[in-house]
Structures are given as C-alpha cells and as structure tokens.
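The data block below is final.cif; it holds mmCIF, C-alpha atoms.
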```cif
data_my_file
#
loop_
_atom_site.group_PDB
_atom_site.id
_atom_site.type_symbol
_atom_site.label_atom_id
_atom_site.label_comp_id
_atom_site.auth_asym_id
_atom_site.auth_seq_id
_atom_site.Cartn_x
_atom_site.Cartn_y
_atom_site.Cartn_z
ATOM 1 C CA MET A 760 159.176 73.559 85.985
ATOM 2 C CA THR A 761 157.027 76.109 84.227
ATOM 3 C CA ASP A 762 158.385 76.992 80.810
ATOM 4 C CA VAL A 763 159.155 80.712 80.971
ATOM 5 C CA SER A 764 161.233 82.722 78.554
ATOM 6 C CA VAL A 765 164.612 83.867 79.877
ATOM 7 C CA THR A 766 164.155 87.268 78.317
ATOM 8 C CA ARG A 767 164.406 90.305 80.544
ATOM 9 C CA PRO A 768 161.091 91.275 82.209
ATOM 10 C CA ARG A 769 159.590 94.569 81.138
ATOM 11 C CA ARG A 770 161.001 97.515 83.014
ATOM 12 C CA THR A 771 159.105 100.607 84.037
ATOM 13 C CA LEU A 772 161.587 102.145 86.483
ATOM 14 C CA ALA A 773 165.227 103.053 86.099
ATOM 15 C CA PHE A 774 167.919 101.720 88.415
ATOM 16 C CA PRO A 775 168.276 103.770 91.605
ATOM 17 C CA ARG A 776 171.003 106.333 90.970
ATOM 18 C CA PHE A 777 173.315 105.954 93.936
ATOM 19 C CA ARG A 778 176.063 108.483 94.357
ATOM 20 C CA PRO A 779 179.459 106.979 93.476
ATOM 21 C CA ASP A 780 180.516 107.104 97.131
ATOM 22 C CA GLU A 781 177.280 105.428 98.252
ATOM 23 C CA ALA A 782 177.601 102.649 95.685
ATOM 24 C CA GLY A 783 181.192 102.105 96.783
ATOM 25 C CA GLN A 784 180.129 101.987 100.434
ATOM 26 C CA ARG A 785 177.491 99.386 99.695
ATOM 27 C CA ARG A 786 179.970 97.237 97.795
ATOM 28 C CA ALA A 787 182.511 97.585 100.598
ATOM 29 C CA PHE A 788 179.808 96.557 103.086
ATOM 30 C CA ASP A 789 179.029 93.472 100.991
ATOM 31 C CA LEU A 790 182.680 92.452 100.685
ATOM 32 C CA ILE A 791 183.417 92.932 104.387
ATOM 33 C CA VAL A 792 180.337 91.061 105.609
ATOM 34 C CA ALA A 793 180.592 88.274 103.016
ATOM 35 C CA GLY A 794 184.331 87.894 103.553
ATOM 36 C CA PHE A 795 183.909 87.659 107.322
ATOM 37 C CA ALA A 796 181.015 85.193 106.931
ATOM 38 C CA ALA A 797 183.041 83.053 104.514
ATOM 39 C CA LEU A 798 185.915 82.745 107.022
ATOM 40 C CA LEU A 799 183.642 82.202 110.019
ATOM 41 C CA LEU A 800 181.333 79.682 108.361
ATOM 42 C CA ALA A 801 183.896 77.766 106.276
ATOM 43 C CA PRO A 802 184.003 74.828 108.756
ATOM 44 C CA VAL A 803 180.200 74.644 108.744
ATOM 45 C CA ALA A 804 180.113 74.726 104.941
ATOM 46 C CA LEU A 805 182.644 71.873 104.778
ATOM 47 C CA LEU A 806 180.541 69.783 107.175
ATOM 48 C CA VAL A 807 177.395 70.446 105.124
ATOM 49 C CA ALA A 808 179.184 69.526 101.895
ATOM 50 C CA LEU A 809 180.419 66.287 103.479
ATOM 51 C CA ALA A 810 176.932 65.435 104.759
ATOM 52 C CA VAL A 811 175.375 65.946 101.316
ATOM 53 C CA LEU A 812 178.128 63.883 99.674
ATOM 54 C CA LEU A 813 177.859 60.986 102.137
ATOM 55 C CA GLU A 814 174.073 60.789 101.952
ATOM 56 C CA SER A 815 173.396 61.118 98.229
ATOM 57 C CA GLY A 816 176.675 61.692 96.392
ATOM 58 C CA ARG A 817 177.322 64.371 93.807
ATOM 59 C CA PRO A 818 176.581 67.071 92.894
ATOM 60 C CA ILE A 819 176.976 68.828 96.225
ATOM 61 C CA LEU A 820 175.780 72.171 94.943
ATOM 62 C CA PHE A 821 172.514 73.073 93.264
ATOM 63 C CA ALA A 822 172.871 75.743 90.584
ATOM 64 C CA GLN A 823 169.854 77.565 89.168
ATOM 65 C CA VAL A 824 169.378 80.597 86.950
ATOM 66 C CA ARG A 825 167.631 83.404 88.827
ATOM 67 C CA LEU A 826 166.608 86.962 88.017
ATOM 68 C CA GLY A 827 169.166 89.545 89.053
ATOM 69 C CA ARG A 828 169.150 93.325 89.027
ATOM 70 C CA GLY A 829 167.311 94.672 86.006
ATOM 71 C CA GLY A 830 165.909 91.209 85.314
ATOM 72 C CA LEU A 831 169.259 89.991 84.041
ATOM 73 C CA PRO A 832 169.753 86.253 84.687
ATOM 74 C CA PHE A 833 172.595 84.907 86.804
ATOM 75 C CA VAL A 834 173.462 81.524 88.308
ATOM 76 C CA MET A 835 172.669 81.225 92.024
ATOM 77 C CA TYR A 836 174.197 78.470 94.154
ATOM 78 C CA LYS A 837 172.839 76.473 97.078
ATOM 79 C CA PHE A 838 173.719 73.243 98.820
ATOM 80 C CA ARG A 839 171.546 70.558 97.255
ATOM 81 C CA LYS A 840 168.423 69.697 99.272
ATOM 82 C CA PHE A 841 166.787 67.344 96.741
ATOM 83 C CA GLY A 842 167.955 63.965 95.521
ATOM 84 C CA PRO A 843 170.601 64.030 92.762
ATOM 85 C CA ARG A 844 168.079 62.774 90.200
ATOM 86 C CA ALA A 845 165.380 65.334 90.990
ATOM 87 C CA GLY A 846 166.648 67.573 88.165
ATOM 88 C CA ALA A 847 164.661 70.612 87.116
ATOM 89 C CA GLU A 848 161.372 68.726 86.811
ATOM 90 C CA GLY A 849 158.438 69.365 89.094
ATOM 91 C CA SER A 850 157.321 72.436 90.986
ATOM 92 C CA PRO A 851 159.669 75.453 91.154
ATOM 93 C CA LEU A 852 158.486 75.861 94.754
ATOM 94 C CA THR A 853 159.782 73.930 97.750
ATOM 95 C CA LEU A 854 156.819 72.975 99.905
ATOM 96 C CA GLU A 855 156.539 71.545 103.397
ATOM 97 C CA GLY A 856 157.069 67.766 103.253
ATOM 98 C CA ASP A 857 158.370 67.913 99.667
ATOM 99 C CA ALA A 858 158.991 64.296 98.613
ATOM 100 C CA ARG A 859 162.040 65.329 96.581
ATOM 101 C CA MET A 860 163.930 66.379 99.702
ATOM 102 C CA THR A 861 166.656 64.267 101.296
ATOM 103 C CA THR A 862 167.138 63.813 105.041
ATOM 104 C CA VAL A 863 170.062 66.223 105.008
ATOM 105 C CA GLY A 864 167.989 68.532 102.828
ATOM 106 C CA LYS A 865 165.308 68.767 105.518
ATOM 107 C CA VAL A 866 167.924 69.904 108.021
ATOM 108 C CA LEU A 867 169.326 72.406 105.531
ATOM 109 C CA MET A 868 165.876 73.809 104.869
ATOM 110 C CA ALA A 869 165.118 74.180 108.575
ATOM 111 C CA THR A 870 168.437 75.878 109.336
ATOM 112 C CA LYS A 871 168.818 77.789 106.038
ATOM 113 C CA LEU A 872 172.352 76.405 105.739
ATOM 114 C CA ASP A 873 171.616 75.542 102.110
ATOM 115 C CA GLU A 874 172.015 79.277 101.383
ATOM 116 C CA LEU A 875 175.701 79.397 102.416
ATOM 117 C CA PRO A 876 177.109 79.058 98.854
ATOM 118 C CA GLN A 877 175.425 82.363 97.991
ATOM 119 C CA ILE A 878 178.226 84.069 99.908
ATOM 120 C CA TRP A 879 180.189 83.338 96.716
ATOM 121 C CA ASN A 880 177.464 85.094 94.702
ATOM 122 C CA VAL A 881 177.889 88.143 96.949
ATOM 123 C CA LEU A 882 181.676 88.138 96.557
ATOM 124 C CA ARG A 883 181.253 87.858 92.768
ATOM 125 C CA GLY A 884 178.877 90.815 92.736
ATOM 126 C CA ASP A 885 175.823 88.894 91.477
ATOM 127 C CA MET A 886 174.094 89.450 94.825
ATOM 128 C CA ALA A 887 174.313 91.766 97.813
ATOM 129 C CA VAL A 888 174.175 90.981 101.516
ATOM 130 C CA VAL A 889 170.858 92.869 101.751
ATOM 131 C CA GLY A 890 168.414 92.799 98.870
ATOM 132 C CA PRO A 891 165.236 91.139 97.584
ATOM 133 C CA ARG A 892 165.442 87.394 97.170
ATOM 134 C CA PRO A 893 166.328 86.495 93.557
ATOM 135 C CA GLU A 894 163.192 85.158 91.891
ATOM 136 C CA SER A 895 162.965 81.970 89.846
ATOM 137 C CA LEU A 896 162.518 82.312 86.086
ATOM 138 C CA ALA A 897 159.262 80.437 86.488
ATOM 139 C CA PHE A 898 157.778 83.564 88.078
ATOM 140 C CA ALA A 899 159.396 86.185 85.847
ATOM 141 C CA ASP A 900 155.950 87.122 84.567
ATOM 142 C CA CYS A 901 154.905 88.270 88.054
ATOM 143 C CA PHE A 902 156.885 91.492 87.702
ATOM 144 C CA HIS A 903 154.178 93.819 86.425
ATOM 145 C CA ASP A 904 151.835 96.545 87.675
ATOM 146 C CA GLY A 905 154.607 98.266 89.612
ATOM 147 C CA PHE A 906 156.277 95.152 91.008
ATOM 148 C CA GLU A 907 159.077 95.698 88.457
ATOM 149 C CA GLU A 908 160.529 98.101 91.022
ATOM 150 C CA VAL A 909 161.859 95.117 92.965
ATOM 151 C CA LEU A 910 164.216 94.426 90.064
ATOM 152 C CA ASP A 911 165.820 97.845 90.467
ATOM 153 C CA HIS A 912 167.814 96.374 93.349
ATOM 154 C CA LYS A 913 170.542 93.768 93.432
ATOM 155 C CA PRO A 914 169.132 90.556 94.960
ATOM 156 C CA GLY A 915 170.391 89.665 98.399
ATOM 157 C CA LEU A 916 171.032 87.017 101.011
ATOM 158 C CA LEU A 917 168.996 88.906 103.580
ATOM 159 C CA GLY A 918 166.140 91.362 103.416
ATOM 160 C CA PRO A 919 162.693 92.085 104.837
ATOM 161 C CA CYS A 920 161.107 89.134 103.042
ATOM 162 C CA GLN A 921 163.817 86.725 104.151
ATOM 163 C CA ILE A 922 162.842 87.666 107.704
ATOM 164 C CA LEU A 923 159.074 87.900 107.303
ATOM 165 C CA PHE A 924 158.805 84.742 105.188
ATOM 166 C CA ARG A 925 161.495 82.611 106.802
ATOM 167 C CA SER A 926 159.151 79.600 106.838
ATOM 168 C CA GLU A 927 157.482 80.366 103.517
ATOM 169 C CA SER A 928 156.989 76.673 102.678
ATOM 170 C CA THR A 929 154.521 76.357 105.579
ATOM 171 C CA LEU A 930 152.312 79.243 104.429
ATOM 172 C CA HIS A 931 150.800 77.486 101.422
ATOM 173 C CA ALA A 932 147.162 76.487 101.892
ATOM 174 C CA ARG A 933 146.844 72.789 101.088
ATOM 175 C CA SER A 934 143.648 73.093 99.079
ATOM 176 C CA VAL A 935 145.030 75.757 96.722
ATOM 177 C CA ASP A 936 147.371 75.194 93.784
ATOM 178 C CA PRO A 937 150.813 76.228 95.146
ATOM 179 C CA GLN A 938 151.929 78.128 92.055
ATOM 180 C CA ARG A 939 148.642 80.021 91.795
ATOM 181 C CA PHE A 940 148.775 80.831 95.515
ATOM 182 C CA TYR A 941 152.340 82.079 95.163
ATOM 183 C CA ARG A 942 151.482 84.276 92.183
ATOM 184 C CA GLU A 943 148.293 85.746 93.615
ATOM 185 C CA VAL A 944 149.095 85.998 97.338
ATOM 186 C CA LEU A 945 152.680 85.415 98.423
ATOM 187 C CA PHE A 946 154.518 87.143 95.585
ATOM 188 C CA PRO A 947 152.495 90.395 95.828
ATOM 189 C CA ALA A 948 152.899 90.485 99.619
ATOM 190 C CA LYS A 949 156.661 89.942 99.336
ATOM 191 C CA ALA A 950 157.027 92.509 96.557
ATOM 192 C CA ARG A 951 155.159 95.160 98.555
ATOM 193 C CA ALA A 952 157.342 94.528 101.599
ATOM 194 C CA ASP A 953 160.526 94.798 99.511
ATOM 195 C CA ILE A 954 159.413 97.981 97.753
ATOM 196 C CA ALA A 955 158.467 99.623 101.061
ATOM 197 C CA TYR A 956 161.886 98.900 102.546
ATOM 198 C CA PHE A 957 164.196 99.546 99.615
ATOM 199 C CA ARG A 958 162.676 102.925 98.733
ATOM 200 C CA THR A 959 164.081 104.349 101.977
ATOM 201 C CA ARG A 960 166.959 102.004 102.785
ATOM 202 C CA THR A 961 170.192 103.292 104.288
ATOM 203 C CA LEU A 962 173.479 101.630 105.140
ATOM 204 C CA ALA A 963 172.437 101.777 108.788
ATOM 205 C CA SER A 964 169.114 100.058 108.078
ATOM 206 C CA ASP A 965 170.897 97.421 105.964
ATOM 207 C CA PHE A 966 173.187 96.735 108.912
ATOM 208 C CA GLY A 967 170.114 96.319 111.111
ATOM 209 C CA VAL A 968 168.514 93.932 108.615
ATOM 210 C CA THR A 969 171.740 91.904 108.539
ATOM 211 C CA LEU A 970 171.719 91.507 112.327
ATOM 212 C CA ARG A 971 168.000 90.832 112.436
ATOM 213 C CA GLY A 972 168.234 88.323 109.608
ATOM 214 C CA GLY A 973 171.009 86.458 111.373
ATOM 215 C CA LEU A 974 168.907 86.325 114.541
ATOM 216 C CA THR A 975 165.904 85.042 112.593
ATOM 217 C CA VAL A 976 168.009 82.193 111.176
ATOM 218 C CA LEU A 977 169.543 81.313 114.547
ATOM 219 C CA VAL A 978 166.255 81.551 116.468
ATOM 220 C CA PRO A 979 163.395 80.174 114.312
ATOM 221 C CA GLY A 980 160.000 81.545 115.270
ATOM 222 C CA VAL A 981 161.199 85.081 115.942
ATOM 223 C CA VAL A 982 159.146 86.500 113.076
ATOM 224 C CA PRO A 983 157.403 89.914 113.143
ATOM 225 C CA GLU A 984 153.675 90.114 112.488
ATOM 226 C CA THR A 985 153.845 92.956 109.996
ATOM 227 C CA ALA A 986 156.004 93.958 107.058
ATOM 228 C CA PRO A 987 157.507 97.457 106.740
ATOM 229 C CA ASP A 988 154.481 98.633 104.717
ATOM 230 C CA GLY A 989 151.914 97.271 107.169
ATOM 231 C CA THR A 990 151.320 93.971 105.359
ATOM 232 C CA ALA A 991 149.866 91.588 107.929
ATOM 233 C CA LEU A 992 151.023 88.001 108.248
ATOM 234 C CA VAL A 993 148.155 85.904 109.571
ATOM 235 C CA SER A 994 148.698 82.224 110.368
ATOM 236 C CA ILE A 995 145.904 79.834 109.409
ATOM 237 C CA PRO A 996 144.969 76.327 110.546
ATOM 238 C CA PRO A 997 146.372 73.485 108.360
ATOM 239 C CA GLY A 998 144.116 72.756 105.408
ATOM 240 C CA ASP A 999 142.292 76.076 105.487
ATOM 241 C CA ALA A 1000 141.796 77.399 101.980
ATOM 242 C CA GLY A 1001 141.917 81.000 103.085
ATOM 243 C CA PRO A 1002 145.080 83.006 102.327
ATOM 244 C CA PRO A 1003 147.540 83.228 105.248
ATOM 245 C CA VAL A 1004 148.862 86.529 103.943
ATOM 246 C CA GLN A 1005 146.747 89.608 103.503
ATOM 247 C CA GLY A 1006 148.430 92.335 101.476
ATOM 248 C CA THR A 1007 147.538 95.989 101.607
ATOM 249 C CA ALA A 1008 146.227 97.500 98.411
#
```

Whole structure, structure tokens version:
Amino acid sequence: MTDVSVTRPRRTLAFPRFRPDEAGQRRAFDLIVAGFAALLLAPVALLVALAVLLESGRPILFAQVRLGRGGLPFVMYKFRKFGPRAGAEGSPLTLEGDARMTTVGKVLMATKLDELPQIWNVLRGDMAVVGPRPESLAFADCFHDGFEEVLDHKPGLLGPCQILFRSESTLHARSVDPQRFYREVLFPAKARADIAYFRTRTLASDFGVTLRGGLTVLVPGVVPETAPDGTALVSIPPGDAGPPVQGTA
C-alpha cells in the first residue's frame, strides 16, 4: 500500500453548519435506518461470517483506517474478502479478478454484503447512512483544488457514488496503472458527483438515495448514465486505454 501520512488533509472549507434540529434529525435518521437494518440483516451477517470462517478461518472482519469527516481517521469494518495472509501489502484498490480474493470474497464483492459491518460504524457515529464513501489513506493527497469539500460531510454507507460506481472495479482500463487512473479519472469524477449532491441535500433526498441505493445493490446493472452534476459514465470495451469516465470541468 502506498505510504501516505495519516495527518489531516488540508482544509479549505468549514464544516456545513446544520441547525441543531437538522443535525439531530440526521442522526435520528441514521440510528433508525441502521438499527432496522441491523435487526433485519443479522441472519445474513451471521451466514456471511460463518462462510468466511469456514473457507479461510480468522479474522472474519477486515479493519482499515479511512478518512472521516474533516479528514480525521477512523477504523472502518468490512467482512474480509481477501485471504487471511493478504495483509496490507499490495494495491489499495480492489480490481476485477484480484488474485487476493477468496471464493466467498468474490460473492461478497458482487453482492456488496462485505459492507454490512459498517452498520456498526453508523451506529457508533463514525459514518452516516448517506454520505461520501470514506477514502483510503493511500489517496488522502487527492483532496485538493476544491475536492476538500467532500470531507465536510460524514462518510456514508450509501450516496450518489455508491450508486453510480457500484461496479467500480470493472471501470479500470487494463493498459493504465490502476492507481494513476483512480487519481486522475475516477476520484475526480466521484468527488464532483458527491459535491453536486451534498451541496443541496435534504432529508427527503437522503431517504430517496437510501431507497435507490438499496435497489442498486439488490438489482445489479440498474445504474444511471449520469451523475447529479452531469458527469457522464461511458462504458468502454475491455482493454481500451481510453478513460471510461468523463468528468465535467
């Protein structure tokens, strides 16, 4: 994994100043949705944990430090998709056909069930139900030239980018270095989509994103062609070096 300092990224914008009642409503929304999801999906989580344990043993969970609101680090949890000896070495990106992935891990990646432990992160207050995806420390240096605004919001389980980039691992052009492609193409496109949405978000729109995100997980392939700011998602033939994502300036 790229060696990146854990220090807080530079900030150019202050946190959004929610009214006390609005902040309380958002937290109540998170607790209600996460609590309901935890009860509803507990049997599924137990089955996933058992599958991971039976195939490759412990640890069942994968814990990684991610960037939270304001660039402050926190520990995010997932069900482990890689082998127990994969460690933190190698690429910080999970690519299509990643050799580190187990058989159960491939199923978890396809269904997004590896994200279930993040319900605990929401209940703890590290994450929200709706928010930008928490970025890896390896890409902390990408938050510049206005993209710092993404860090003004608590990271979330669901959001515009989680819907638009559900199959992000398949978007990487094979002839381009994955980390360079992520930095120069995917990250800017995702950041623009997040900024466009979260500048005008409401509780009603967050509720819509929650429903839409759930549908996207349950029905793979139901992915819109444009982001909220007009960013176009253009699929490319396998092996093409051209960028599959064109961001607006």

* Asked: With only C-alpha atoms as the atoms that count, which of A:Ile878, A:Ala858, A:Ala782, A:Ala808 lies nearest to Phe795 in chain A?
  ->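 Of A:Ile878, A:Ala858, A:Ala782, A:Ala808, the one nearest Phe795 in chain A is A:Ile878, counting only C-alpha atoms.
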
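Among A:Ala952, A:Leu977, A:Val811, A:Leu930, the residue with the shortest atom-to-atom distance to Thr870 in chain A, counting only C-alpha atoms, is A:Leu977.
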
* Structure fact -> What separates CA of Phe902 in chain A and CA of Val944 in chain A is a distance of 13.6 Å

* Could you expand the PyMOL selection byres ((chain A and resi 909) around 8) into the explicit residues it covers here, written as a ChimeraX atom specification? => /A:891,906-908,910-912,950,953-954

* Determine, counting all atoms listed in the file, which protein, DNA and RNA residues have an atom within 12 Å of an atom of Arg817 in chain A; residues of the same chain fewer than 3 positions away are not included. Present the result as a ChimeraX atom specification. => /A:808-814,820-821,838-844

File dump, residues just selected, C-alpha atoms, as a tab-separated table (two decimals), keeping the file's coordinate frame:
```
chain	number	residue	atom	x	y	z
A	808	ALA	CA	179.18	69.53	101.90
A	809	LEU	CA	180.42	66.29	103.48
A	810	ALA	CA	176.93	65.44	104.76
A	811	VAL	CA	175.38	65.95	101.32
A	812	LEU	CA	178.13	63.88	99.67
A	813	LEU	CA	177.86	60.99	102.14
A	814	GLU	CA	174.07	60.79	101.95
A	820	LEU	CA	175.78	72.17	94.94
A	821	PHE	CA	172.51	73.07	93.26
A	838	PHE	CA	173.72	73.24	98.82
A	839	ARG	CA	171.55	70.56	97.26
A	840	LYS	CA	168.42	69.70	99.27
A	841	PHE	CA	166.79	67.34	96.74
A	842	GLY	CA	167.96	63.96	95.52
A	843	PRO	CA	170.60	64.03	92.76
A	844	ARG	CA	168.08	62.77	90.20
```

* To do: Output the residue selection produced by the PyMOL selection byres ((chain A and resi 788) around 12) on the file above, formatted as a list of chain:residue names.
  => A:Glu781, A:Ala782, A:Gly783, A:Gln784, A:Arg785, A:Arg786, A:Ala787, A:Asp789, A:Leu790, A:Ile791, A:Val792, A:Ala793, A:Gly794, A:Phe795, A:Val881, A:Leu882, A:Gly884, A:Ala887, A:Val888, A:Val889, A:Thr961, A:Leu962, A:Ala963, A:Asp965, A:Phe966, A:Thr969

* Asked: Mind pulling up the distance from CA of Pro919 in chain A to CA of Gly890 in chain A?
  -> 8.3 Å

* Take the PyMOL selection byres ((chain A and resi 872) around 10), apply it to the structure above, and return the hits as a list in words. => Leu800, Val803, Ala804, Val807, Lys837, Phe838, Gly864, Val866, Leu867, Met868, Ala869, Thr870, Lys871, Asp873, Glu874, Leu875, Pro876 and Val976 of chain A

When you write range 861-881 of chain A out from the block above, keep N, CA, C and O atoms and present the result as a PDB file, in the first residue's frame, please.
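Dumped to out-v1.pdb:
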```pdb
ATOM      1  N   THR A 861     -10.808 -14.331  -2.087  1.00  0.00           N
ATOM      2  CA  THR A 861     -11.250 -15.705  -1.873  1.00  0.00           C
ATOM      3  C   THR A 861     -12.532 -15.956  -2.667  1.00  0.00           C
ATOM      4  O   THR A 861     -13.127 -15.033  -3.232  1.00  0.00           O
ATOM      5  N   THR A 862     -12.967 -17.217  -2.682  1.00  0.00           N
ATOM      6  CA  THR A 862     -14.218 -17.549  -3.374  1.00  0.00           C
ATOM      7  C   THR A 862     -15.400 -16.841  -2.720  1.00  0.00           C
ATOM      8  O   THR A 862     -16.243 -16.249  -3.399  1.00  0.00           O
ATOM      9  N   VAL A 863     -15.443 -16.882  -1.397  1.00  0.00           N
ATOM     10  CA  VAL A 863     -16.501 -16.170  -0.683  1.00  0.00           C
ATOM     11  C   VAL A 863     -16.364 -14.670  -0.922  1.00  0.00           C
ATOM     12  O   VAL A 863     -17.364 -13.964  -1.085  1.00  0.00           O
ATOM     13  N   GLY A 864     -15.135 -14.191  -0.985  1.00  0.00           N
ATOM     14  CA  GLY A 864     -14.898 -12.775  -1.220  1.00  0.00           C
ATOM     15  C   GLY A 864     -15.474 -12.302  -2.543  1.00  0.00           C
ATOM     16  O   GLY A 864     -15.986 -11.186  -2.639  1.00  0.00           O
ATOM     17  N   LYS A 865     -15.415 -13.142  -3.566  1.00  0.00           N
ATOM     18  CA  LYS A 865     -15.975 -12.775  -4.870  1.00  0.00           C
ATOM     19  C   LYS A 865     -17.487 -12.592  -4.779  1.00  0.00           C
ATOM     20  O   LYS A 865     -18.052 -11.682  -5.394  1.00  0.00           O
ATOM     21  N   VAL A 866     -18.125 -13.461  -4.000  1.00  0.00           N
ATOM     22  CA  VAL A 866     -19.574 -13.338  -3.804  1.00  0.00           C
ATOM     23  C   VAL A 866     -19.890 -12.066  -3.017  1.00  0.00           C
ATOM     24  O   VAL A 866     -20.829 -11.334  -3.338  1.00  0.00           O
ATOM     25  N   LEU A 867     -19.090 -11.800  -1.994  1.00  0.00           N
ATOM     26  CA  LEU A 867     -19.301 -10.606  -1.180  1.00  0.00           C
ATOM     27  C   LEU A 867     -19.124  -9.339  -2.013  1.00  0.00           C
ATOM     28  O   LEU A 867     -19.882  -8.373  -1.866  1.00  0.00           O
ATOM     29  N   MET A 868     -18.141  -9.342  -2.887  1.00  0.00           N
ATOM     30  CA  MET A 868     -17.909  -8.180  -3.727  1.00  0.00           C
ATOM     31  C   MET A 868     -19.065  -7.961  -4.692  1.00  0.00           C
ATOM     32  O   MET A 868     -19.505  -6.819  -4.919  1.00  0.00           O
ATOM     33  N   ALA A 869     -19.585  -9.042  -5.261  1.00  0.00           N
ATOM     34  CA  ALA A 869     -20.675  -8.933  -6.224  1.00  0.00           C
ATOM     35  C   ALA A 869     -21.973  -8.470  -5.574  1.00  0.00           C
ATOM     36  O   ALA A 869     -22.758  -7.737  -6.181  1.00  0.00           O
ATOM     37  N   THR A 870     -22.196  -8.890  -4.330  1.00  0.00           N
ATOM     38  CA  THR A 870     -23.444  -8.577  -3.639  1.00  0.00           C
ATOM     39  C   THR A 870     -23.341  -7.382  -2.705  1.00  0.00           C
ATOM     40  O   THR A 870     -24.346  -6.898  -2.190  1.00  0.00           O
ATOM     41  N   LYS A 871     -22.113  -6.910  -2.464  1.00  0.00           N
ATOM     42  CA  LYS A 871     -21.837  -5.816  -1.525  1.00  0.00           C
ATOM     43  C   LYS A 871     -22.130  -6.201  -0.068  1.00  0.00           C
ATOM     44  O   LYS A 871     -22.202  -5.317   0.795  1.00  0.00           O
ATOM     45  N   LEU A 872     -22.253  -7.479   0.209  1.00  0.00           N
ATOM     46  CA  LEU A 872     -22.513  -7.912   1.581  1.00  0.00           C
ATOM     47  C   LEU A 872     -21.296  -7.703   2.491  1.00  0.00           C
ATOM     48  O   LEU A 872     -21.431  -7.741   3.713  1.00  0.00           O
ATOM     49  N   ASP A 873     -20.129  -7.493   1.889  1.00  0.00           N
ATOM     50  CA  ASP A 873     -18.952  -7.221   2.719  1.00  0.00           C
ATOM     51  C   ASP A 873     -19.083  -5.904   3.475  1.00  0.00           C
ATOM     52  O   ASP A 873     -18.387  -5.671   4.468  1.00  0.00           O
ATOM     53  N   GLU A 874     -20.007  -5.027   3.040  1.00  0.00           N
ATOM     54  CA  GLU A 874     -20.181  -3.725   3.670  1.00  0.00           C
ATOM     55  C   GLU A 874     -21.046  -3.774   4.930  1.00  0.00           C
ATOM     56  O   GLU A 874     -21.135  -2.767   5.659  1.00  0.00           O
ATOM     57  N   LEU A 875     -21.691  -4.897   5.216  1.00  0.00           N
ATOM     58  CA  LEU A 875     -22.633  -4.978   6.333  1.00  0.00           C
ATOM     59  C   LEU A 875     -22.051  -4.519   7.675  1.00  0.00           C
ATOM     60  O   LEU A 875     -22.753  -3.846   8.445  1.00  0.00           O
ATOM     61  N   PRO A 876     -20.801  -4.865   8.016  1.00  0.00           N
ATOM     62  CA  PRO A 876     -20.274  -4.421   9.319  1.00  0.00           C
ATOM     63  C   PRO A 876     -20.225  -2.910   9.487  1.00  0.00           C
ATOM     64  O   PRO A 876     -20.100  -2.409  10.618  1.00  0.00           O
ATOM     65  N   GLN A 877     -20.341  -2.155   8.397  1.00  0.00           N
ATOM     66  CA  GLN A 877     -20.314  -0.699   8.516  1.00  0.00           C
ATOM     67  C   GLN A 877     -21.593  -0.154   9.150  1.00  0.00           C
ATOM     68  O   GLN A 877     -21.649   1.027   9.517  1.00  0.00           O
ATOM     69  N   ILE A 878     -22.608  -1.008   9.294  1.00  0.00           N
ATOM     70  CA  ILE A 878     -23.777  -0.597  10.074  1.00  0.00           C
ATOM     71  C   ILE A 878     -23.325  -0.239  11.490  1.00  0.00           C
ATOM     72  O   ILE A 878     -23.854   0.689  12.107  1.00  0.00           O
ATOM     73  N   TRP A 879     -22.335  -0.979  12.001  1.00  0.00           N
ATOM     74  CA  TRP A 879     -21.779  -0.673  13.326  1.00  0.00           C
ATOM     75  C   TRP A 879     -21.112   0.696  13.319  1.00  0.00           C
ATOM     76  O   TRP A 879     -21.227   1.466  14.277  1.00  0.00           O
ATOM     77  N   ASN A 880     -20.399   1.024  12.218  1.00  0.00           N
ATOM     78  CA  ASN A 880     -19.784   2.345  12.107  1.00  0.00           C
ATOM     79  C   ASN A 880     -20.833   3.449  12.137  1.00  0.00           C
ATOM     80  O   ASN A 880     -20.605   4.521  12.703  1.00  0.00           O
ATOM     81  N   VAL A 881     -21.999   3.186  11.530  1.00  0.00           N
ATOM     82  CA  VAL A 881     -23.076   4.180  11.538  1.00  0.00           C
ATOM     83  C   VAL A 881     -23.629   4.336  12.953  1.00  0.00           C
ATOM     84  O   VAL A 881     -23.839   5.454  13.432  1.00  0.00           O
TER      85      VAL A 881
END
```
